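Asker: The file below is entry_34.txt, compact mmCIF, N, CA and C atoms:
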```
# COMPACT_ATOMS: atom_id res chain seq x y z
N MET A 340 0.55 25.98 -7.54
CA MET A 340 1.37 25.13 -6.69
C MET A 340 0.91 25.29 -5.25
N GLY A 341 0.90 24.23 -4.53
CA GLY A 341 0.47 24.27 -3.14
C GLY A 341 1.63 24.09 -2.19
N TYR A 342 1.31 23.96 -0.97
CA TYR A 342 2.31 23.72 0.05
C TYR A 342 2.33 22.23 0.39
N PRO A 343 3.45 21.73 0.91
CA PRO A 343 3.51 20.29 1.22
C PRO A 343 2.63 19.95 2.43
N HIS A 344 2.06 18.78 2.39
CA HIS A 344 1.21 18.28 3.47
C HIS A 344 2.00 17.30 4.33
N THR A 345 1.59 17.16 5.56
CA THR A 345 2.21 16.15 6.41
C THR A 345 1.59 14.79 6.06
N GLY A 346 2.26 13.75 6.43
CA GLY A 346 1.73 12.40 6.19
C GLY A 346 0.98 11.86 7.38
N SER A 347 0.57 12.74 8.29
CA SER A 347 -0.03 12.25 9.53
C SER A 347 -1.55 12.12 9.46
N ARG A 348 -2.19 12.68 8.45
CA ARG A 348 -3.65 12.60 8.33
C ARG A 348 -4.00 11.82 7.07
N PHE A 349 -4.51 10.61 7.25
CA PHE A 349 -4.85 9.77 6.12
C PHE A 349 -5.91 8.77 6.54
N SER A 350 -6.55 8.19 5.56
CA SER A 350 -7.51 7.11 5.82
C SER A 350 -7.29 6.01 4.79
N VAL A 351 -7.66 4.80 5.17
CA VAL A 351 -7.55 3.64 4.29
C VAL A 351 -8.91 2.95 4.25
N THR A 352 -9.40 2.69 3.05
CA THR A 352 -10.62 1.90 2.91
C THR A 352 -10.34 0.76 1.94
N ILE A 353 -10.93 -0.39 2.25
CA ILE A 353 -10.80 -1.57 1.39
C ILE A 353 -12.22 -2.06 1.12
N ASP A 354 -12.59 -2.13 -0.16
CA ASP A 354 -13.94 -2.58 -0.52
C ASP A 354 -14.25 -3.93 0.12
N ASP A 355 -15.47 -4.08 0.63
CA ASP A 355 -15.99 -5.31 1.22
C ASP A 355 -15.31 -5.73 2.53
N ILE A 356 -14.40 -4.91 3.07
CA ILE A 356 -13.78 -5.20 4.37
C ILE A 356 -14.25 -4.12 5.34
N ASP A 357 -15.00 -4.52 6.35
CA ASP A 357 -15.54 -3.58 7.32
C ASP A 357 -14.53 -3.42 8.46
N MET A 358 -13.85 -2.29 8.46
CA MET A 358 -12.81 -2.05 9.46
C MET A 358 -13.24 -0.97 10.43
N GLN A 359 -13.04 -1.23 11.69
CA GLN A 359 -13.24 -0.23 12.74
C GLN A 359 -11.87 0.28 13.14
N GLY A 360 -11.73 1.58 13.33
CA GLY A 360 -10.46 2.15 13.74
C GLY A 360 -9.61 2.56 12.56
N ASN A 361 -8.48 3.16 12.87
CA ASN A 361 -7.59 3.72 11.85
C ASN A 361 -6.26 2.98 11.82
N PHE A 362 -5.50 3.28 10.80
CA PHE A 362 -4.15 2.72 10.67
C PHE A 362 -3.15 3.73 11.22
N SER A 363 -2.09 3.22 11.82
CA SER A 363 -1.04 4.10 12.33
C SER A 363 -0.02 4.42 11.25
N SER A 364 0.09 3.55 10.24
CA SER A 364 1.01 3.85 9.14
C SER A 364 0.66 3.05 7.90
N VAL A 365 1.02 3.63 6.76
CA VAL A 365 0.91 2.98 5.46
C VAL A 365 2.23 3.22 4.75
N SER A 366 2.82 2.17 4.19
CA SER A 366 4.06 2.34 3.43
C SER A 366 4.00 1.45 2.20
N GLY A 367 4.87 1.74 1.24
CA GLY A 367 4.96 0.93 0.04
C GLY A 367 4.17 1.43 -1.15
N LEU A 368 3.66 2.64 -1.08
CA LEU A 368 2.96 3.21 -2.24
C LEU A 368 4.01 3.68 -3.23
N SER A 369 4.55 2.75 -3.99
CA SER A 369 5.60 3.11 -4.94
C SER A 369 5.49 2.27 -6.21
N ALA A 370 5.98 2.86 -7.28
CA ALA A 370 6.00 2.17 -8.57
C ALA A 370 7.36 2.44 -9.21
N GLU A 371 7.86 1.44 -9.90
CA GLU A 371 9.17 1.56 -10.55
C GLU A 371 9.06 1.05 -11.98
N LEU A 372 9.51 1.86 -12.92
CA LEU A 372 9.55 1.42 -14.31
C LEU A 372 10.75 0.52 -14.52
N GLU A 373 10.53 -0.61 -15.14
CA GLU A 373 11.62 -1.54 -15.43
C GLU A 373 11.97 -1.43 -16.91
N PHE A 374 13.28 -1.40 -17.17
CA PHE A 374 13.76 -1.29 -18.54
C PHE A 374 14.80 -2.36 -18.82
N GLU A 375 14.89 -2.73 -20.08
CA GLU A 375 15.95 -3.63 -20.52
C GLU A 375 16.92 -2.79 -21.34
N GLU A 376 18.20 -2.88 -21.00
CA GLU A 376 19.21 -2.11 -21.72
C GLU A 376 19.62 -2.85 -22.98
N TYR A 377 19.64 -2.13 -24.08
CA TYR A 377 20.01 -2.70 -25.37
C TYR A 377 21.19 -1.90 -25.91
N ALA A 378 22.29 -2.57 -26.17
CA ALA A 378 23.47 -1.89 -26.71
C ALA A 378 23.44 -2.00 -28.23
N GLU A 379 23.26 -0.86 -28.86
CA GLU A 379 23.23 -0.82 -30.32
C GLU A 379 24.66 -0.95 -30.83
N GLY A 380 24.87 -1.79 -31.81
CA GLY A 380 26.21 -2.01 -32.35
C GLY A 380 26.89 -0.73 -32.80
N GLY A 381 28.09 -0.48 -32.28
CA GLY A 381 28.87 0.69 -32.67
C GLY A 381 28.54 1.95 -31.89
N ASN A 382 27.44 1.96 -31.14
CA ASN A 382 27.07 3.14 -30.35
C ASN A 382 27.27 2.80 -28.87
N PHE A 383 28.45 3.14 -28.36
CA PHE A 383 28.80 2.75 -26.99
C PHE A 383 28.48 3.84 -25.96
N ASP A 384 28.14 5.03 -26.42
CA ASP A 384 27.88 6.15 -25.51
C ASP A 384 26.43 6.25 -25.07
N SER A 385 25.51 5.76 -25.86
CA SER A 385 24.08 5.94 -25.57
C SER A 385 23.32 4.64 -25.76
N PRO A 386 23.26 3.81 -24.70
CA PRO A 386 22.48 2.58 -24.84
C PRO A 386 20.99 2.92 -24.99
N ILE A 387 20.27 2.01 -25.56
CA ILE A 387 18.83 2.17 -25.73
C ILE A 387 18.15 1.41 -24.59
N TYR A 388 17.12 2.04 -23.99
CA TYR A 388 16.38 1.41 -22.90
C TYR A 388 14.98 1.07 -23.38
N LEU A 389 14.66 -0.21 -23.35
CA LEU A 389 13.35 -0.69 -23.79
C LEU A 389 12.48 -0.97 -22.57
N PRO A 390 11.28 -0.37 -22.51
CA PRO A 390 10.42 -0.57 -21.33
C PRO A 390 9.93 -2.01 -21.24
N LYS A 391 9.99 -2.57 -20.02
CA LYS A 391 9.52 -3.92 -19.77
C LYS A 391 8.19 -3.93 -19.02
N GLY A 392 7.96 -2.94 -18.19
CA GLY A 392 6.73 -2.92 -17.40
C GLY A 392 6.92 -2.10 -16.14
N VAL A 393 5.95 -2.22 -15.25
CA VAL A 393 5.96 -1.49 -13.98
C VAL A 393 6.00 -2.51 -12.84
N LYS A 394 6.85 -2.24 -11.88
CA LYS A 394 6.98 -3.09 -10.70
C LYS A 394 6.46 -2.30 -9.50
N TYR A 395 5.55 -2.90 -8.73
CA TYR A 395 4.97 -2.25 -7.55
C TYR A 395 5.50 -2.91 -6.28
N SER A 396 5.80 -2.10 -5.30
CA SER A 396 6.21 -2.61 -3.99
C SER A 396 4.98 -3.12 -3.25
N ASN A 397 5.20 -4.03 -2.30
CA ASN A 397 4.10 -4.45 -1.43
C ASN A 397 3.71 -3.28 -0.53
N ILE A 398 2.43 -3.17 -0.26
CA ILE A 398 1.94 -2.13 0.65
C ILE A 398 1.85 -2.73 2.04
N VAL A 399 2.33 -1.98 3.03
CA VAL A 399 2.34 -2.44 4.41
C VAL A 399 1.44 -1.52 5.24
N LEU A 400 0.46 -2.13 5.90
CA LEU A 400 -0.47 -1.40 6.77
C LEU A 400 -0.22 -1.81 8.21
N GLN A 401 -0.22 -0.83 9.10
CA GLN A 401 -0.04 -1.11 10.53
C GLN A 401 -1.14 -0.43 11.32
N ARG A 402 -1.62 -1.14 12.34
CA ARG A 402 -2.62 -0.58 13.24
C ARG A 402 -2.61 -1.33 14.55
N GLY A 403 -3.24 -0.75 15.55
CA GLY A 403 -3.33 -1.41 16.85
C GLY A 403 -4.11 -2.71 16.72
N THR A 404 -3.64 -3.74 17.41
CA THR A 404 -4.30 -5.04 17.38
C THR A 404 -5.63 -4.96 18.10
N VAL A 405 -6.68 -5.41 17.42
CA VAL A 405 -8.02 -5.42 18.01
C VAL A 405 -8.51 -6.86 18.11
N THR A 406 -9.56 -7.06 18.90
CA THR A 406 -10.06 -8.40 19.15
C THR A 406 -10.55 -9.08 17.89
N ASP A 407 -11.34 -8.37 17.10
CA ASP A 407 -11.93 -8.95 15.89
C ASP A 407 -11.34 -8.24 14.68
N GLU A 408 -10.18 -8.70 14.22
CA GLU A 408 -9.44 -8.03 13.15
C GLU A 408 -9.84 -8.57 11.79
N PRO A 409 -10.57 -7.79 10.98
CA PRO A 409 -11.01 -8.29 9.67
C PRO A 409 -9.87 -8.55 8.70
N LEU A 410 -8.76 -7.82 8.82
CA LEU A 410 -7.63 -8.07 7.91
C LEU A 410 -6.97 -9.42 8.21
N SER A 411 -6.92 -9.81 9.48
CA SER A 411 -6.39 -11.13 9.83
C SER A 411 -7.30 -12.23 9.31
N LYS A 412 -8.62 -11.99 9.37
CA LYS A 412 -9.58 -12.97 8.82
C LYS A 412 -9.41 -13.10 7.31
N TRP A 413 -9.20 -11.98 6.65
CA TRP A 413 -8.99 -11.98 5.20
C TRP A 413 -7.72 -12.76 4.88
N PHE A 414 -6.64 -12.54 5.64
CA PHE A 414 -5.40 -13.28 5.44
C PHE A 414 -5.64 -14.78 5.62
N ALA A 415 -6.39 -15.15 6.66
CA ALA A 415 -6.68 -16.57 6.90
C ALA A 415 -7.47 -17.18 5.74
N ALA A 416 -8.39 -16.41 5.16
CA ALA A 416 -9.15 -16.91 4.00
C ALA A 416 -8.22 -17.14 2.81
N VAL A 417 -7.31 -16.21 2.56
CA VAL A 417 -6.35 -16.37 1.47
C VAL A 417 -5.46 -17.57 1.73
N GLN A 418 -5.03 -17.73 2.99
CA GLN A 418 -4.17 -18.85 3.37
C GLN A 418 -4.87 -20.19 3.11
N SER A 419 -6.19 -20.21 3.25
CA SER A 419 -6.93 -21.46 3.02
C SER A 419 -7.33 -21.66 1.55
N GLY A 420 -6.90 -20.74 0.67
CA GLY A 420 -7.13 -20.93 -0.75
C GLY A 420 -8.22 -20.06 -1.35
N VAL A 421 -8.81 -19.17 -0.58
CA VAL A 421 -9.85 -18.27 -1.09
C VAL A 421 -9.17 -16.95 -1.44
N PHE A 422 -8.76 -16.81 -2.70
CA PHE A 422 -7.96 -15.66 -3.14
C PHE A 422 -8.86 -14.49 -3.52
N LYS A 423 -9.31 -13.76 -2.51
CA LYS A 423 -10.16 -12.59 -2.73
C LYS A 423 -9.30 -11.34 -2.80
N LYS A 424 -9.46 -10.62 -3.91
CA LYS A 424 -8.74 -9.36 -4.11
C LYS A 424 -9.75 -8.23 -4.09
N TYR A 425 -9.39 -7.12 -3.44
CA TYR A 425 -10.28 -5.98 -3.34
C TYR A 425 -9.55 -4.69 -3.68
N PRO A 426 -10.26 -3.71 -4.22
CA PRO A 426 -9.65 -2.39 -4.39
C PRO A 426 -9.45 -1.73 -3.03
N MET A 427 -8.42 -0.94 -2.95
CA MET A 427 -8.09 -0.23 -1.71
C MET A 427 -7.85 1.24 -2.05
N THR A 428 -8.25 2.13 -1.17
CA THR A 428 -8.05 3.55 -1.38
C THR A 428 -7.32 4.13 -0.17
N VAL A 429 -6.26 4.89 -0.45
CA VAL A 429 -5.53 5.62 0.60
C VAL A 429 -5.74 7.10 0.31
N THR A 430 -6.29 7.82 1.27
CA THR A 430 -6.60 9.23 1.08
C THR A 430 -5.76 10.07 2.05
N MET A 431 -5.00 11.02 1.51
CA MET A 431 -4.24 11.97 2.33
C MET A 431 -5.12 13.19 2.55
N MET A 432 -5.13 13.70 3.79
CA MET A 432 -5.97 14.85 4.11
C MET A 432 -5.12 16.02 4.63
N ASP A 433 -5.66 17.21 4.45
CA ASP A 433 -4.98 18.39 4.99
C ASP A 433 -5.31 18.55 6.46
N SER A 434 -4.83 19.61 7.08
CA SER A 434 -5.02 19.81 8.52
C SER A 434 -6.49 19.99 8.90
N ALA A 435 -7.33 20.35 7.94
CA ALA A 435 -8.76 20.51 8.20
C ALA A 435 -9.54 19.21 7.96
N GLY A 436 -8.85 18.16 7.53
CA GLY A 436 -9.50 16.88 7.28
C GLY A 436 -10.08 16.74 5.88
N LYS A 437 -9.73 17.65 4.98
CA LYS A 437 -10.21 17.60 3.61
C LYS A 437 -9.24 16.79 2.74
N ALA A 438 -9.78 15.92 1.89
CA ALA A 438 -8.94 15.10 1.01
C ALA A 438 -8.15 15.98 0.05
N VAL A 439 -6.84 15.71 -0.06
CA VAL A 439 -5.99 16.46 -0.99
C VAL A 439 -5.35 15.58 -2.04
N ARG A 440 -5.21 14.29 -1.74
CA ARG A 440 -4.63 13.35 -2.70
C ARG A 440 -5.19 11.97 -2.41
N ILE A 441 -5.48 11.22 -3.47
CA ILE A 441 -6.08 9.89 -3.32
C ILE A 441 -5.30 8.89 -4.17
N TRP A 442 -4.89 7.79 -3.54
CA TRP A 442 -4.26 6.68 -4.25
C TRP A 442 -5.26 5.54 -4.32
N THR A 443 -5.48 5.02 -5.52
CA THR A 443 -6.38 3.89 -5.71
C THR A 443 -5.53 2.69 -6.08
N VAL A 444 -5.68 1.63 -5.32
CA VAL A 444 -4.89 0.42 -5.48
C VAL A 444 -5.80 -0.68 -6.01
N LYS A 445 -5.40 -1.30 -7.09
CA LYS A 445 -6.20 -2.35 -7.73
C LYS A 445 -5.81 -3.73 -7.17
N ASP A 446 -6.80 -4.55 -6.91
CA ASP A 446 -6.61 -5.97 -6.58
C ASP A 446 -5.67 -6.22 -5.40
N ALA A 447 -5.89 -5.55 -4.29
CA ALA A 447 -5.06 -5.79 -3.09
C ALA A 447 -5.43 -7.13 -2.46
N MET A 448 -4.41 -7.82 -1.94
CA MET A 448 -4.62 -9.10 -1.26
C MET A 448 -3.51 -9.30 -0.24
N PRO A 449 -3.86 -9.70 0.99
CA PRO A 449 -2.83 -9.87 2.02
C PRO A 449 -1.96 -11.10 1.77
N VAL A 450 -0.64 -10.93 2.01
CA VAL A 450 0.29 -12.05 1.84
C VAL A 450 1.11 -12.31 3.10
N LYS A 451 1.01 -11.40 4.07
CA LYS A 451 1.77 -11.57 5.30
C LYS A 451 1.07 -10.85 6.43
N VAL A 452 1.02 -11.48 7.58
CA VAL A 452 0.50 -10.84 8.79
C VAL A 452 1.55 -11.01 9.88
N GLU A 453 1.74 -9.97 10.65
CA GLU A 453 2.75 -10.02 11.73
C GLU A 453 2.21 -9.26 12.93
N TYR A 454 2.43 -9.82 14.11
CA TYR A 454 1.99 -9.19 15.35
C TYR A 454 3.23 -8.74 16.12
N SER A 455 3.10 -7.60 16.77
CA SER A 455 4.25 -7.06 17.50
C SER A 455 4.64 -7.96 18.67
N GLN A 456 5.81 -7.73 19.16
CA GLN A 456 6.34 -8.49 20.29
C GLN A 456 5.52 -8.21 21.53
N PHE A 457 5.28 -9.23 22.31
CA PHE A 457 4.63 -9.06 23.60
C PHE A 457 5.71 -8.91 24.66
N ASP A 458 5.56 -7.92 25.51
CA ASP A 458 6.58 -7.62 26.52
C ASP A 458 5.87 -7.21 27.81
N ALA A 459 6.00 -8.02 28.85
CA ALA A 459 5.33 -7.75 30.11
C ALA A 459 5.81 -6.45 30.76
N MET A 460 6.97 -5.95 30.37
CA MET A 460 7.52 -4.73 30.95
C MET A 460 7.16 -3.47 30.15
N SER A 461 6.33 -3.62 29.13
CA SER A 461 6.00 -2.49 28.26
C SER A 461 4.51 -2.19 28.29
N SER A 462 4.18 -0.93 28.08
CA SER A 462 2.76 -0.56 27.97
C SER A 462 2.44 -0.08 26.56
N ASP A 463 3.31 -0.42 25.59
CA ASP A 463 3.08 -0.04 24.20
C ASP A 463 1.87 -0.76 23.63
N VAL A 464 1.21 -0.12 22.69
CA VAL A 464 0.07 -0.73 22.00
C VAL A 464 0.58 -1.88 21.13
N ALA A 465 -0.11 -3.01 21.18
CA ALA A 465 0.22 -4.14 20.31
C ALA A 465 -0.16 -3.77 18.88
N ILE A 466 0.73 -4.04 17.93
CA ILE A 466 0.54 -3.63 16.53
C ILE A 466 0.36 -4.86 15.64
N THR A 467 -0.63 -4.79 14.75
CA THR A 467 -0.81 -5.79 13.71
C THR A 467 -0.30 -5.18 12.40
N THR A 468 0.56 -5.91 11.71
CA THR A 468 1.10 -5.47 10.43
C THR A 468 0.60 -6.42 9.35
N ILE A 469 0.00 -5.84 8.30
CA ILE A 469 -0.49 -6.63 7.17
C ILE A 469 0.24 -6.16 5.91
N GLU A 470 0.81 -7.10 5.17
CA GLU A 470 1.50 -6.77 3.92
C GLU A 470 0.64 -7.25 2.75
N MET A 471 0.49 -6.37 1.74
CA MET A 471 -0.39 -6.65 0.61
C MET A 471 0.35 -6.64 -0.72
N VAL A 472 0.02 -7.60 -1.57
CA VAL A 472 0.40 -7.52 -2.98
C VAL A 472 -0.77 -6.85 -3.70
N HIS A 473 -0.52 -6.34 -4.88
CA HIS A 473 -1.59 -5.62 -5.56
C HIS A 473 -1.24 -5.40 -7.02
N GLY A 474 -2.21 -4.87 -7.74
CA GLY A 474 -2.00 -4.48 -9.13
C GLY A 474 -1.64 -3.01 -9.21
N ALA A 475 -2.11 -2.37 -10.23
CA ALA A 475 -1.76 -0.97 -10.51
C ALA A 475 -2.16 -0.02 -9.38
N VAL A 476 -1.39 1.05 -9.24
CA VAL A 476 -1.69 2.14 -8.31
C VAL A 476 -1.84 3.40 -9.14
N THR A 477 -2.96 4.07 -8.96
CA THR A 477 -3.15 5.36 -9.62
C THR A 477 -3.34 6.41 -8.54
N ASP A 478 -2.89 7.63 -8.81
CA ASP A 478 -3.08 8.68 -7.83
C ASP A 478 -3.65 9.92 -8.50
N GLU A 479 -4.39 10.66 -7.73
CA GLU A 479 -4.98 11.88 -8.24
C GLU A 479 -4.93 12.96 -7.17
N THR A 480 -4.77 14.17 -7.61
CA THR A 480 -4.81 15.32 -6.73
C THR A 480 -6.24 15.83 -6.71
N VAL A 481 -6.75 16.07 -5.51
CA VAL A 481 -8.12 16.57 -5.37
C VAL A 481 -8.07 18.09 -5.53
N THR A 482 -8.83 18.59 -6.47
CA THR A 482 -8.86 20.03 -6.68
C THR A 482 -9.99 20.64 -5.87
N LYS A 483 -9.77 21.87 -5.49
CA LYS A 483 -10.75 22.56 -4.65
C LYS A 483 -11.96 22.98 -5.42
```
Show me the file's structure as structure tokens.

Answerer:
Amino acid sequence: MGYPHTGSRFSVTIDDIDMQGNFSSVSGLSAELEFEEYAEGGNFDSPIYLPKGVKYSNIVLQRGTVTDEPLSKWFAAVQSGVFKKYPMTVTMMDSAGKAVRIWTVKDAMPVKVEYSQFDAMSSDVAITTIEMVHGAVTDETVTK
């Protein structure tokens, strides 16, 4: 058993998308098993649960807005009818920068892009948020 890692050191790669810079946050790496409840006649204490499938949340990526944003271009391509899906990898690292856990996301595709509010009274970094639909998510622990 190991010790818990912080979520502050991670990297994101998307096949065929050349990205410069890092993401400030990744959320939505979750899976939920869906079941259908079946009530067996005469057995009111213990319903039977039949598996229906797995439901995945959308993954949300955030990073500082840059001049030439490849994720925004990818979104624009999808918006125009070019439905390109790519595998995506999210890697969690320890304090030394060594990979400790890797999530592999199948068939990621952007479905929403959002830009942060512009405010003349603020010096905050402008943020681009990209929301992705995807297929299966698998995770693995990296052994030493």

Asker: Could you list, as a list in words, every residue within 7 Å of Thr480 (chain A), counting only N, CA and C atoms and ignoring same-chain residues fewer than 3 positions away?

Answerer: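 Using only N, CA and C atoms, the neighbours found are Val439, Arg440 and Ile441 of chain A.
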
Asker: Just to be explicit: take each residue in the selection above, keep N, CA and C atoms, and write the result as an mmCIF file, keeping the file's coordinate frame.

Answerer:
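Once everything was written out, this is out32.cif:
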```cif
data_model
loop_
_atom_site.group_PDB
_atom_site.id
_atom_site.type_symbol
_atom_site.label_atom_id
_atom_site.label_comp_id
_atom_site.auth_asym_id
_atom_site.auth_seq_id
_atom_site.Cartn_x
_atom_site.Cartn_y
_atom_site.Cartn_z
ATOM 1 N N VAL A 439 -6.840 15.710 -0.060
ATOM 2 C CA VAL A 439 -5.990 16.460 -0.990
ATOM 3 C C VAL A 439 -5.350 15.580 -2.040
ATOM 4 N N ARG A 440 -5.210 14.290 -1.740
ATOM 5 C CA ARG A 440 -4.630 13.350 -2.700
ATOM 6 C C ARG A 440 -5.190 11.970 -2.410
ATOM 7 N N ILE A 441 -5.480 11.220 -3.470
ATOM 8 C CA ILE A 441 -6.080 9.890 -3.320
ATOM 9 C C ILE A 441 -5.300 8.890 -4.170
#
```

Asker: For region 453-468 of chain A, please output as an NGL selection string all residues within 6 Å (counting only C-alpha atoms; exclusion window: fewer than 6 positions along the same chain).

Answerer: :A and (400-404)

Asker: Measuring atom to atom with only N, CA and C atoms, identify which of A:Leu410, A:Val452, A:Met432, A:Val365 is nearest to Ile398 (chain A).

Answerer: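 Distance minimum relative to Ile398 (chain A) lands on A:Val365.
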
Asker: Show me, as a list in words, the residues that have an atom within 7 Å of region 346-358 of chain A when counting only C-alpha atoms, minus same-chain residues fewer than 2 positions from it.

Answerer: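 Once the nearby chain positions are removed, what remains is His344, Gly360, Asn361, Pro409, Tyr425, Pro426, Met427, Thr428, Val429, Thr430, Met431, Met432 and Asp433 of chain A.
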
Asker: Could you give me, as a short mmCIF file (atom, residue, chain, number, x, y, z; two decimals) with N, CA and C atoms, in the frame of the given file, the residues within 7 Å of region 382-392 of chain A, counting only N, CA and C atoms and dropping anything in the same chain fewer than 5 positions from it?

Answerer:
```cif
data_model
loop_
_atom_site.label_atom_id
_atom_site.label_comp_id
_atom_site.auth_asym_id
_atom_site.auth_seq_id
_atom_site.Cartn_x
_atom_site.Cartn_y
_atom_site.Cartn_z
N GLU A 371 7.86 1.44 -9.90
CA GLU A 371 9.17 1.56 -10.55
C GLU A 371 9.06 1.05 -11.98
N LEU A 372 9.51 1.86 -12.92
CA LEU A 372 9.55 1.42 -14.31
C LEU A 372 10.75 0.52 -14.52
N GLU A 373 10.53 -0.61 -15.14
CA GLU A 373 11.62 -1.54 -15.43
C GLU A 373 11.97 -1.43 -16.91
N PHE A 374 13.28 -1.40 -17.17
CA PHE A 374 13.76 -1.29 -18.54
C PHE A 374 14.80 -2.36 -18.82
N GLU A 375 14.89 -2.73 -20.08
CA GLU A 375 15.95 -3.63 -20.52
C GLU A 375 16.92 -2.79 -21.34
N GLU A 376 18.20 -2.88 -21.00
CA GLU A 376 19.21 -2.11 -21.72
C GLU A 376 19.62 -2.85 -22.98
N TYR A 377 19.64 -2.13 -24.08
CA TYR A 377 20.01 -2.70 -25.37
C TYR A 377 21.19 -1.90 -25.91
#
```

Asker: Mind checking DSSP for chain A and telling me the helix (DSSP H, G or I) residues as a list in words?

Answerer: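 Matching residues for helix (DSSP H, G or I) in chain A are Pro409, Leu410, Ser411, Lys412, Trp413, Phe414, Ala415, Ala416, Val417 and Gln418 of chain A.
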
Asker: Let me have the centre and edge lengths of the axis-aligned box enclosing all listed atoms of region 430-436 of chain A with 6 Å padding on every side, in Å to one decimal, as JSON.

Answerer:
```
{"center_x": -7.2, "center_y": 14.2, "center_z": 5.0, "size_x": 17.8, "size_y": 24.7, "size_z": 19.8}
```

Asker: One decimal, in Å: what's the spacing between CA of Thr443 (chain A) and CA of Thr406 (chain A)?

Answerer: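 Taking CA of Thr443 (chain A) as the start and CA of Thr406 (chain A) as the end point, the length is 28.0 Å.
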
Asker: Identify which of the residues A:Gly380, A:Leu368, A:Pro449, A:Met471 lies closest to Ala415 (chain A), counting only N, CA and C atoms when measuring atom-to-atom distances.

Answerer: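 Answer, going by the shortest atom-to-atom distance: A:Pro449.
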
Asker: In Å, how far is it from CA of Ala370 (chain A) to CA of Tyr342 (chain A)?

Answerer: 23.5 Å

Asker: Figure out the distance between atom N of Ser434 (chain A) and CA of Pro343 (chain A), please, to one decimal in Å.

Answerer: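 CA of Pro343 (chain A) sits 10.2 Å away from atom N of Ser434 (chain A).
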